[in-house]
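**Student:** Sharing a structure here in structure tokens format.
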Amino acid sequence: MALLRAGLCPGLTAEMVPLLRASGLRTVVDFVSSDLEEVAQKCSLSYKALVAVRRVLLAQFSAFPANGADLYEELKSSTAILSTGIASLDKLLDSGLYTGEVTELMGVPGSGKTQVCLSIAASVSLCLKQHVLFLDSTGGFTASRLYQMLQAQPEDEEEQLEALQRVQVVRVFDVYEMLRALQELRDSLSQQVLSSTGPLKVVLIDSVSAVIYPLLGGKQSEGLALMMQLARELKMLAREFSLAVVVTNQVTRDSSAGPLKPALGRSWSFVPSTRVLLESKETTWEKANMQRIASLAKSPRQPTGLQVELDIGNSDVQELSPATPTQGL
Amino acid sequence: MQRDVGSLPLAPALRARLVAAGFQTAQEVLETGPCGLSKEIGISKEEALEALQVVRQECHSDATRTAGAPGTSRKCTALELLEQEQAQGFIITFCSALDNVLGGGVQLTKITEICGAPGVGKTQLCMQLAVDVQIPECFGGLAGEAVFIDTEGSFMVDRVVDIAAACVQHCQLIAEAHQEEDHLKALETFSLESILSHIYYFRCRDYTELLAEVYLLPDFLSEHSKVRLVVIDGIAFPFRHDFEDLSLRTRLLNGLAQQLIIIANDHKAAVVLTNQMTTRIGQSQSTLVPALGESWGHAATVRLIFHWDNNQRLATLYKSPSQKESTIPYHITPHGFRDVQPPAVTQNPEGTEMNPRKRLRREEEK
């Protein structure tokens, strides 16, 4: 929906624009979908000139079809698979996080979403030596816990501190700040500024529902528009710059005894291509334990319903080994 | 500058008009200028000027970030955050088991939620924390002030007097044992009157007053920059009755949570909330869960659940970004919130109350 402006394409001169605007054609879409003979008569412009302009505009603004084989080659060369640092989760996600896609982690409070995000940040920054951007909207990012996870790895202390420097944390507590932070990221990536972002591969957002929830519901539709705006930004970032985007989401219930379902509704459910549900093995909070079950709720590659077990209690998130006793209460 | 028009913080009607008129990026809006804008969209010149002001502010803060200005730039690397966290203090609770479970005490810049059945000790802990935040730095405290927002009317000043007196006595004993210059100097200012005068008390009777108070809190905190603790005793109470529209409640609560985390972050304060418990009736059994629904569970960064086990009060750390889940016992004594004393050490019955489910009454303390 670009505005018609002088110089948008050769042939669209400054005299033509106000004449077109006077007859109600403001954007490119209006122009190419209108009947050019009528326009030529109303604005007293030459029909041939209008047809030429239309052809150029169509070429400029339409999307070109791509050949499936070319697309496959391009994907093969630009997609990377990043290990999450947890072997069982990697198995669930078909060997890890795919760049160019949005992955979602959801679960009740205390189910371990932030822990898994920290583990991803630790593994990507230490083992893969890539930069990580962490957008924190709940205040749950604790650098000492991340350091604890890094210390569990065999690398020496200097490398661990370097890894900490590769993780950039931005605290955004409302949706406009989040959009602004994502816009800044897009600007710096498109200008290829290497200073602070470096070779960025993962963007973690914990959590996306905390900033959207205050806007949803009631009679306002503004919340839904902003949520879709955010969704578009995330998908564009993932696809254009080959990043892996990981978001965390809450779960809600329909009624007090209903089953759990992911928050943010049906519109958001189309945004992530992979969805993982984290839950605790015990259903009540009276027995505290560290074991979690991750199940695949939506995936483009694996069958849904796969489940693996994780242990978030130790210095890092690991898969549960049968011999490990549960941590003391 | 390529910021999409749909993502700018303008009024929704204005945004809709901009998009309908064909503007796509902020750059296009800025280029048009106020007169052109008012003509294209059909708004008055003043509105156009205001809108351009907002857009310019957004684009300028995109381009140039000023580090160090509170609230505008919250970007840093994990290493810097680690150093900040290690230098930050905690608010101790005087119960060493609970402090260990929390990793040193109640953390600053985070929201801690305390859930529990009635009478289990939530308000007692809040009052204890309001006193503990004021302990001078040489004794291991933060030398801060406290804001106490009360919605249930359960704040008892005479109880705070008891707790404060016990705390001052405790510090005096430490000073006598160590005999250091700064300890004695700090004790001169750390007295009952100063403790009570640094607890700022607000009474909110319904949810509108509570929301208004929380939205006005940043101004209050910038005037009183030494505040390190904000307690909201009874966040569930105003929201649980008289609410027909549950989606409005969820929206208000989530907005409140975001506002509180902004306050906690910008002013380096700890926010402590108390919540009630409700029963969830399942298929075969019913369980006691924290009130206000599933989505509220995500608001707090750290969640503590207080419950009973026969006559013993227990605290469980249910949700924390850095500590393991565990359960510890605690006691409410005439001096406040304390550890469970091992049975051989106690001479006076400091934990054996006549009626364990009610708070200690005045006659039994003397």
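Labeling convention for the structure tokens: chains A, B, ... as they appear, residues from 1 per chain, ligands from 1 in order of appearance.
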If we count only C-alpha atoms and set the cut-off at 8 Å, which residues sit around B:Ala78, ignoring sequence neighbours fewer than 3 positions away in its own chain? Please answer as a PyMOL selection string.

**Tutor:** (chain A and resi 143+164-169) or (chain B and resi 81-82)

**Student:** Just write the chosen residues, N, CA and C atoms, as a PDB file, in the first residue's frame.

**Tutor:**
```
ATOM      1  N   ALA A 143      21.339 -13.047  35.823  1.00  0.00           N
ATOM      2  CA  ALA A 143      22.648 -13.319  35.227  1.00  0.00           C
ATOM      3  C   ALA A 143      23.423 -14.345  36.027  1.00  0.00           C
ATOM      4  N   LEU A 164      29.470 -14.621  28.373  1.00  0.00           N
ATOM      5  CA  LEU A 164      28.513 -13.712  29.004  1.00  0.00           C
ATOM      6  C   LEU A 164      28.427 -12.404  28.246  1.00  0.00           C
ATOM      7  N   GLN A 165      29.552 -11.987  27.674  1.00  0.00           N
ATOM      8  CA  GLN A 165      29.526 -10.727  26.950  1.00  0.00           C
ATOM      9  C   GLN A 165      28.801 -10.848  25.629  1.00  0.00           C
ATOM     10  N   ARG A 166      28.667 -12.066  25.158  1.00  0.00           N
ATOM     11  CA  ARG A 166      27.966 -12.218  23.882  1.00  0.00           C
ATOM     12  C   ARG A 166      26.470 -12.232  24.054  1.00  0.00           C
ATOM     13  N   VAL A 167      25.995 -12.300  25.290  1.00  0.00           N
ATOM     14  CA  VAL A 167      24.552 -12.297  25.519  1.00  0.00           C
ATOM     15  C   VAL A 167      24.142 -10.870  25.817  1.00  0.00           C
ATOM     16  N   GLN A 168      23.296 -10.294  24.967  1.00  0.00           N
ATOM     17  CA  GLN A 168      22.857  -8.943  25.241  1.00  0.00           C
ATOM     18  C   GLN A 168      21.429  -8.989  25.773  1.00  0.00           C
ATOM     19  N   VAL A 169      21.181  -8.262  26.850  1.00  0.00           N
ATOM     20  CA  VAL A 169      19.876  -8.305  27.498  1.00  0.00           C
ATOM     21  C   VAL A 169      19.215  -6.944  27.362  1.00  0.00           C
TER      22      VAL A 169
ATOM     23  N   LEU B  81      25.278  -7.258  33.749  1.00  0.00           N
ATOM     24  CA  LEU B  81      24.186  -7.603  34.652  1.00  0.00           C
ATOM     25  C   LEU B  81      24.681  -8.448  35.812  1.00  0.00           C
ATOM     26  N   LEU B  82      25.601  -9.368  35.536  1.00  0.00           N
ATOM     27  CA  LEU B  82      26.144 -10.218  36.591  1.00  0.00           C
ATOM     28  C   LEU B  82      26.836  -9.373  37.640  1.00  0.00           C
TER      29      LEU B  82
END
```

**Student:** Using only C-alpha atoms, which residues sit within 10 Å of B:Glu213 once same-chain residues fewer than 6 positions away are excluded, as a list in words?

**Tutor:**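 Skipping anything fewer than 6 positions along the chain leaves Ile149, Phe202, Arg203, Cys204, Tyr207 and Phe220 of chain B.
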
**Student:** Run DSSP on the backbone and grab whatever in stretch 142-195 of chain A lands in strand (DSSP E or B); send it over as a ChimeraX atom specification.

**Tutor:** /A:167-171

**Student:** Mind dumping a table of every stretch 27-144 of chain A residue within 12 Å of stretch 12-28 of chain B, with the nearest atom pair and its distance in Å to one decimal, using only C-alpha atoms, sorted by chain and rising number, as a Markdown table?

**Tutor:**
```
| residue | atom | partner | partner_atom | distance |
| --- | --- | --- | --- | --- |
| A:Thr27 | CA | B:Gly22 | CA | 6.1 |
| A:Val28 | CA | B:Gly22 | CA | 9.1 |
| A:Val29 | CA | B:Gly22 | CA | 9.8 |
| A:Asp30 | CA | B:Gly22 | CA | 10.2 |
```

**Student:** Generate a file of the selected residues that holds N, CA, C and O atoms, formatted as a PDB file, in the first residue's frame.

**Tutor:**
```pdb
ATOM      1  N   THR A  27      -2.945   5.393  -3.583  1.00  0.00           N
ATOM      2  CA  THR A  27      -1.900   4.392  -3.400  1.00  0.00           C
ATOM      3  C   THR A  27      -1.720   3.602  -4.684  1.00  0.00           C
ATOM      4  O   THR A  27      -2.526   3.658  -5.609  1.00  0.00           O
ATOM      5  N   VAL A  28      -0.654   2.814  -4.690  1.00  0.00           N
ATOM      6  CA  VAL A  28      -0.328   2.007  -5.866  1.00  0.00           C
ATOM      7  C   VAL A  28      -1.457   1.019  -6.153  1.00  0.00           C
ATOM      8  O   VAL A  28      -1.832   0.791  -7.308  1.00  0.00           O
ATOM      9  N   VAL A  29      -2.008   0.460  -5.080  1.00  0.00           N
ATOM     10  CA  VAL A  29      -3.076  -0.543  -5.266  1.00  0.00           C
ATOM     11  C   VAL A  29      -4.289   0.089  -5.949  1.00  0.00           C
ATOM     12  O   VAL A  29      -4.885  -0.481  -6.860  1.00  0.00           O
ATOM     13  N   ASP A  30      -4.649   1.312  -5.476  1.00  0.00           N
ATOM     14  CA  ASP A  30      -5.781   2.004  -6.121  1.00  0.00           C
ATOM     15  C   ASP A  30      -5.513   2.169  -7.606  1.00  0.00           C
ATOM     16  O   ASP A  30      -6.393   1.957  -8.447  1.00  0.00           O
TER      17      ASP A  30
END
```

**Student:** At a cut-off of 9 Å, using only C-alpha atoms, what residues contact A:Ala294? Leave out same-chain residues fewer than 3 positions from it and give the result as number ranges by chain.

**Tutor:** A: 89, 92, 276-280, 306-310

**Student:** Considering only C-alpha atoms, state which residue in the set A:Arg26, A:Lys48, A:Lys201, A:Lys129 is at the smallest distance from A:Ala80.

**Tutor:**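 Distance minimum relative to A:Ala80 lands on A:Lys201.
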
**Student:** Near B:Tyr318, within 12 Å and counting only C-alpha atoms, which residues show up once chain neighbours fewer than 4 positions away are dropped, as number ranges by chain?

**Tutor:** A: 108-112, 280, 284-290, 329; B: 101-102, 112-115, 289-290, 297, 300-306, 322-328

**Student:** Emit the selected residues as a compact mmCIF listing (two decimals), in the first residue's frame, including N, CA, C and O atoms.

**Tutor:**
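Final output, result06.txt:
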```
# COMPACT_ATOMS: atom_id res chain seq x y z
N VAL A 108 2.82 -23.58 32.51
CA VAL A 108 2.30 -22.90 33.70
C VAL A 108 3.46 -22.19 34.40
O VAL A 108 4.61 -22.47 34.11
N PRO A 109 3.15 -21.28 35.34
CA PRO A 109 4.25 -20.61 36.06
C PRO A 109 5.09 -21.64 36.82
O PRO A 109 4.57 -22.54 37.45
N GLY A 110 6.39 -21.50 36.73
CA GLY A 110 7.27 -22.41 37.42
C GLY A 110 7.57 -23.67 36.65
O GLY A 110 8.19 -24.59 37.17
N SER A 111 7.17 -23.74 35.37
CA SER A 111 7.41 -24.98 34.64
C SER A 111 8.78 -25.02 34.00
O SER A 111 9.18 -26.04 33.48
N GLY A 112 9.51 -23.91 33.99
CA GLY A 112 10.88 -23.98 33.50
C GLY A 112 11.15 -23.30 32.18
O GLY A 112 12.18 -23.52 31.57
N SER A 280 5.16 -29.87 34.72
CA SER A 280 5.82 -30.55 35.81
C SER A 280 5.25 -31.95 35.92
O SER A 280 4.10 -32.19 35.60
N THR A 284 0.57 -31.16 41.85
CA THR A 284 0.37 -30.20 42.93
C THR A 284 1.70 -29.58 43.32
O THR A 284 2.75 -30.12 43.04
N TRP A 285 1.64 -28.45 43.98
CA TRP A 285 2.86 -27.78 44.35
C TRP A 285 3.40 -28.26 45.68
O TRP A 285 4.43 -27.83 46.13
N GLU A 286 2.68 -29.16 46.33
CA GLU A 286 3.16 -29.56 47.65
C GLU A 286 4.42 -30.41 47.58
O GLU A 286 5.24 -30.38 48.45
N LYS A 287 4.55 -31.17 46.50
CA LYS A 287 5.77 -31.97 46.36
C LYS A 287 6.66 -31.25 45.37
O LYS A 287 6.46 -31.34 44.16
N ALA A 288 7.65 -30.57 45.87
CA ALA A 288 8.51 -29.81 44.96
C ALA A 288 9.48 -30.76 44.27
O ALA A 288 10.09 -31.60 44.89
N ASN A 289 9.57 -30.65 42.97
CA ASN A 289 10.57 -31.49 42.29
C ASN A 289 11.10 -30.76 41.09
O ASN A 289 10.63 -29.68 40.74
N MET A 290 12.08 -31.33 40.47
CA MET A 290 12.79 -30.60 39.44
C MET A 290 12.55 -31.19 38.07
O MET A 290 13.17 -30.77 37.12
N LEU A 329 14.19 -32.14 49.18
CA LEU A 329 13.20 -31.06 49.35
C LEU A 329 13.66 -30.10 50.42
O LEU A 329 14.22 -30.55 51.40
N VAL B 101 16.97 -20.33 51.20
CA VAL B 101 16.14 -20.83 50.09
C VAL B 101 16.01 -19.77 49.00
O VAL B 101 16.05 -20.07 47.81
N LEU B 102 15.89 -18.50 49.43
CA LEU B 102 15.73 -17.43 48.44
C LEU B 102 17.05 -17.00 47.84
O LEU B 102 17.08 -16.12 46.99
N THR B 112 8.22 -10.45 44.23
CA THR B 112 8.08 -11.68 45.01
C THR B 112 6.64 -11.78 45.45
O THR B 112 6.08 -10.82 45.97
N GLU B 113 6.03 -12.93 45.27
CA GLU B 113 4.64 -13.08 45.66
C GLU B 113 4.55 -14.10 46.79
O GLU B 113 5.20 -15.15 46.73
N ILE B 114 3.79 -13.78 47.82
CA ILE B 114 3.62 -14.69 48.95
C ILE B 114 2.17 -15.13 48.96
O ILE B 114 1.26 -14.31 49.12
N CYS B 115 1.92 -16.41 48.78
CA CYS B 115 0.54 -16.91 48.79
C CYS B 115 0.36 -17.75 50.04
O CYS B 115 1.28 -18.42 50.48
N VAL B 289 -5.03 -23.72 45.49
CA VAL B 289 -4.11 -23.06 44.56
C VAL B 289 -4.15 -21.56 44.82
O VAL B 289 -5.11 -21.05 45.38
N PRO B 290 -3.12 -20.83 44.40
CA PRO B 290 -3.16 -19.38 44.57
C PRO B 290 -4.30 -18.76 43.77
O PRO B 290 -4.66 -19.24 42.71
N GLY B 297 -0.23 -16.04 37.74
CA GLY B 297 0.95 -16.78 38.18
C GLY B 297 2.21 -16.36 37.46
O GLY B 297 3.31 -16.50 37.98
N ALA B 300 4.45 -12.73 38.91
CA ALA B 300 5.50 -12.66 39.91
C ALA B 300 6.74 -13.38 39.41
O ALA B 300 6.64 -14.42 38.77
N THR B 301 7.89 -12.83 39.74
CA THR B 301 9.12 -13.50 39.35
C THR B 301 9.44 -14.64 40.32
O THR B 301 9.94 -15.68 39.93
N VAL B 302 9.18 -14.40 41.61
CA VAL B 302 9.47 -15.40 42.63
C VAL B 302 8.17 -15.66 43.37
O VAL B 302 7.46 -14.73 43.74
N ARG B 303 7.83 -16.89 43.58
CA ARG B 303 6.59 -17.21 44.26
C ARG B 303 6.85 -18.10 45.46
O ARG B 303 7.47 -19.16 45.33
N LEU B 304 6.36 -17.66 46.61
CA LEU B 304 6.48 -18.44 47.85
C LEU B 304 5.09 -18.85 48.27
O LEU B 304 4.18 -18.04 48.26
N ILE B 305 4.93 -20.11 48.67
CA ILE B 305 3.62 -20.53 49.16
C ILE B 305 3.78 -20.94 50.61
O ILE B 305 4.60 -21.81 50.94
N PHE B 306 2.99 -20.32 51.48
CA PHE B 306 3.04 -20.65 52.92
C PHE B 306 1.88 -21.59 53.21
O PHE B 306 0.76 -21.35 52.80
N SER B 322 16.29 -18.57 39.78
CA SER B 322 17.66 -18.99 40.05
C SER B 322 17.80 -19.96 41.21
O SER B 322 18.88 -20.46 41.44
N GLN B 323 16.77 -20.23 41.95
CA GLN B 323 16.90 -21.11 43.11
C GLN B 323 16.07 -22.36 42.91
O GLN B 323 15.06 -22.34 42.21
N LYS B 324 16.51 -23.42 43.59
CA LYS B 324 15.77 -24.69 43.51
C LYS B 324 14.51 -24.61 44.36
O LYS B 324 14.44 -23.88 45.33
N GLU B 325 13.54 -25.45 43.99
CA GLU B 325 12.34 -25.54 44.83
C GLU B 325 12.67 -26.24 46.13
O GLU B 325 13.34 -27.26 46.12
N SER B 326 12.21 -25.70 47.28
CA SER B 326 12.39 -26.43 48.53
C SER B 326 11.42 -25.89 49.56
O SER B 326 10.81 -24.85 49.38
N THR B 327 11.30 -26.62 50.65
CA THR B 327 10.35 -26.26 51.70
C THR B 327 11.10 -26.14 53.01
O THR B 327 11.92 -26.98 53.33
N ILE B 328 10.80 -25.10 53.79
CA ILE B 328 11.45 -24.95 55.09
C ILE B 328 10.40 -24.57 56.11
O ILE B 328 9.38 -23.97 55.77
```

**Student:** Just the residues within 8 Å of A:Gln151, please, counting only C-alpha atoms, with nothing from its chain fewer than 4 positions along; format it as number ranges by chain.

**Tutor:** A: 147, 155, 157, 160, 315

**Student:** Write a file of the selected residues as a short mmCIF file (atom, residue, chain, number, x, y, z; two decimals), in the first residue's frame, keeping all heavy atoms.

**Tutor:**
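Okay, this is what ended up in again_8.cif:
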```
data_model
loop_
_atom_site.label_atom_id
_atom_site.label_comp_id
_atom_site.auth_asym_id
_atom_site.auth_seq_id
_atom_site.Cartn_x
_atom_site.Cartn_y
_atom_site.Cartn_z
N TYR A 147 25.31 -17.64 34.63
CA TYR A 147 26.72 -17.89 34.91
C TYR A 147 26.89 -19.29 35.51
O TYR A 147 27.83 -20.00 35.19
CB TYR A 147 27.24 -16.83 35.88
CG TYR A 147 28.73 -16.80 36.06
CD1 TYR A 147 29.57 -16.92 34.96
CD2 TYR A 147 29.30 -16.65 37.31
CE1 TYR A 147 30.94 -16.91 35.10
CE2 TYR A 147 30.67 -16.62 37.45
CZ TYR A 147 31.48 -16.75 36.36
OH TYR A 147 32.84 -16.73 36.51
N GLU A 155 34.46 -25.56 29.63
CA GLU A 155 35.37 -24.49 29.19
C GLU A 155 35.91 -23.70 30.37
O GLU A 155 35.32 -23.67 31.44
CB GLU A 155 34.62 -23.51 28.26
CG GLU A 155 34.63 -23.92 26.81
CD GLU A 155 33.50 -24.87 26.50
OE1 GLU A 155 32.97 -25.45 27.45
OE2 GLU A 155 33.16 -25.05 25.32
N GLU A 157 37.37 -20.29 32.64
CA GLU A 157 36.61 -19.13 33.10
C GLU A 157 36.63 -17.97 32.13
O GLU A 157 35.64 -17.26 31.98
CB GLU A 157 37.16 -18.67 34.45
CG GLU A 157 36.23 -17.65 35.06
CD GLU A 157 36.58 -17.35 36.49
OE1 GLU A 157 37.11 -18.25 37.15
OE2 GLU A 157 36.33 -16.22 36.91
N GLN A 160 34.11 -18.44 29.60
CA GLN A 160 32.76 -18.27 30.14
C GLN A 160 32.41 -16.80 30.24
O GLN A 160 31.29 -16.39 29.92
CB GLN A 160 32.65 -18.91 31.52
CG GLN A 160 32.64 -20.42 31.46
CD GLN A 160 32.91 -21.02 32.82
OE1 GLN A 160 33.03 -20.31 33.81
NE2 GLN A 160 33.00 -22.33 32.88
N SER A 315 22.95 -27.73 37.78
CA SER A 315 23.59 -26.51 37.30
C SER A 315 23.19 -26.18 35.88
O SER A 315 23.27 -25.07 35.46
CB SER A 315 25.10 -26.62 37.36
OG SER A 315 25.45 -27.48 38.37
#
```

**Student:** Which one of B:Ala143, B:Met156, B:Ala165, B:Leu216 sits closest to B:Leu260 if you count only C-alpha atoms?

**Tutor:** B:Leu216

**Student:** B:Val131: which residues within 10 Å, counting only C-alpha atoms, same-chain residues fewer than 5 positions away excluded, as number ranges by chain?

**Tutor:** B: 91-93, 125-126, 144-146, 160-161, 163-165, 167-168, 192, 195-196, 198-199

**Student:** Using only C-alpha atoms, can you tell me which of A:Lys281, A:Lys298, A:Arg180, A:His131 comes closest to chain B?

**Tutor:** A:Arg180

**Student:** May I ask for the distance between atom CA of A:Leu260 and atom CA of B:Gly293, given in Å to one decimal place?

**Tutor:** 11.9 Å

**Student:** Stretch 114-117 of chain A: which residues within 9 Å, counting only C-alpha atoms, same-chain residues fewer than 5 positions away excluded, as a ChimeraX atom specification?

**Tutor:** /A:84,86,105,122,134,140-141,145-146,204-207,246-248,312,316-317 /B:321-322

**Student:** I need the residues in stretch 194-243 of chain B that are alpha helix (DSSP H) according to DSSP; give them as a PyMOL selection string.

**Tutor:** chain B and resi 194-197+207-223+237-240

**Student:** Keeping only N, CA and C atoms, take the residues you just selected and write them out as a tab-separated table (two decimals), in the first residue's frame.

**Tutor:**
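Wrote part08.tsv, looks like this:
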```
chain	number	residue	atom	x	y	z
B	194	SER	N	12.72	6.38	64.01
B	194	SER	CA	13.16	6.53	62.61
B	194	SER	C	12.62	5.39	61.76
B	195	ILE	N	12.53	4.19	62.34
B	195	ILE	CA	12.01	3.07	61.55
B	195	ILE	C	10.56	3.34	61.17
B	196	LEU	N	9.78	3.75	62.17
B	196	LEU	CA	8.36	3.96	61.87
B	196	LEU	C	8.16	5.12	60.91
B	197	SER	N	9.02	6.12	61.01
B	197	SER	CA	8.80	7.27	60.14
B	197	SER	C	9.21	7.00	58.71
B	207	TYR	N	-10.31	-1.49	43.94
B	207	TYR	CA	-9.28	-1.72	42.93
B	207	TYR	C	-8.92	-0.46	42.18
B	208	THR	N	-9.88	0.47	42.08
B	208	THR	CA	-9.56	1.73	41.38
B	208	THR	C	-8.50	2.50	42.14
B	209	GLU	N	-8.68	2.55	43.50
B	209	GLU	CA	-7.67	3.27	44.29
B	209	GLU	C	-6.32	2.58	44.18
B	210	LEU	N	-6.34	1.24	44.16
B	210	LEU	CA	-5.08	0.51	44.06
B	210	LEU	C	-4.37	0.79	42.75
B	211	LEU	N	-5.14	0.74	41.65
B	211	LEU	CA	-4.53	1.01	40.34
B	211	LEU	C	-3.99	2.42	40.28
B	212	ALA	N	-4.78	3.37	40.82
B	212	ALA	CA	-4.34	4.77	40.79
B	212	ALA	C	-3.06	4.92	41.59
B	213	GLU	N	-3.02	4.26	42.77
B	213	GLU	CA	-1.84	4.37	43.62
B	213	GLU	C	-0.60	3.84	42.92
B	214	VAL	N	-0.76	2.69	42.25
B	214	VAL	CA	0.40	2.10	41.58
B	214	VAL	C	0.85	2.96	40.41
B	215	TYR	N	-0.10	3.59	39.71
B	215	TYR	CA	0.32	4.44	38.60
B	215	TYR	C	0.95	5.73	39.07
B	216	LEU	N	0.61	6.17	40.30
B	216	LEU	CA	1.23	7.39	40.83
B	216	LEU	C	2.52	7.09	41.56
B	217	LEU	N	2.79	5.82	41.78
B	217	LEU	CA	3.96	5.46	42.58
B	217	LEU	C	5.30	5.92	42.00
B	218	PRO	N	5.52	5.85	40.68
B	218	PRO	CA	6.81	6.31	40.17
B	218	PRO	C	7.15	7.75	40.56
B	219	ASP	N	6.13	8.64	40.56
B	219	ASP	CA	6.42	10.02	40.97
B	219	ASP	C	6.83	10.06	42.43
B	220	PHE	N	6.09	9.30	43.25
B	220	PHE	CA	6.41	9.28	44.68
B	220	PHE	C	7.83	8.75	44.90
B	221	LEU	N	8.18	7.71	44.14
B	221	LEU	CA	9.49	7.09	44.33
B	221	LEU	C	10.62	7.98	43.83
B	222	SER	N	10.34	8.83	42.84
B	222	SER	CA	11.44	9.70	42.41
B	222	SER	C	11.68	10.80	43.43
B	223	GLU	N	10.63	11.12	44.22
B	223	GLU	CA	10.89	12.08	45.30
B	223	GLU	C	11.59	11.42	46.47
B	237	PHE	N	-7.52	-9.25	47.27
B	237	PHE	CA	-8.76	-8.81	47.90
B	237	PHE	C	-9.61	-7.87	47.05
B	238	PRO	N	-9.06	-6.77	46.50
B	238	PRO	CA	-9.95	-5.89	45.73
B	238	PRO	C	-10.40	-6.48	44.41
B	239	PHE	N	-9.69	-7.51	43.92
B	239	PHE	CA	-10.04	-8.05	42.61
B	239	PHE	C	-10.91	-9.28	42.68
B	240	ARG	N	-11.19	-9.75	43.88
B	240	ARG	CA	-11.87	-11.04	43.90
B	240	ARG	C	-13.37	-10.93	44.00
```
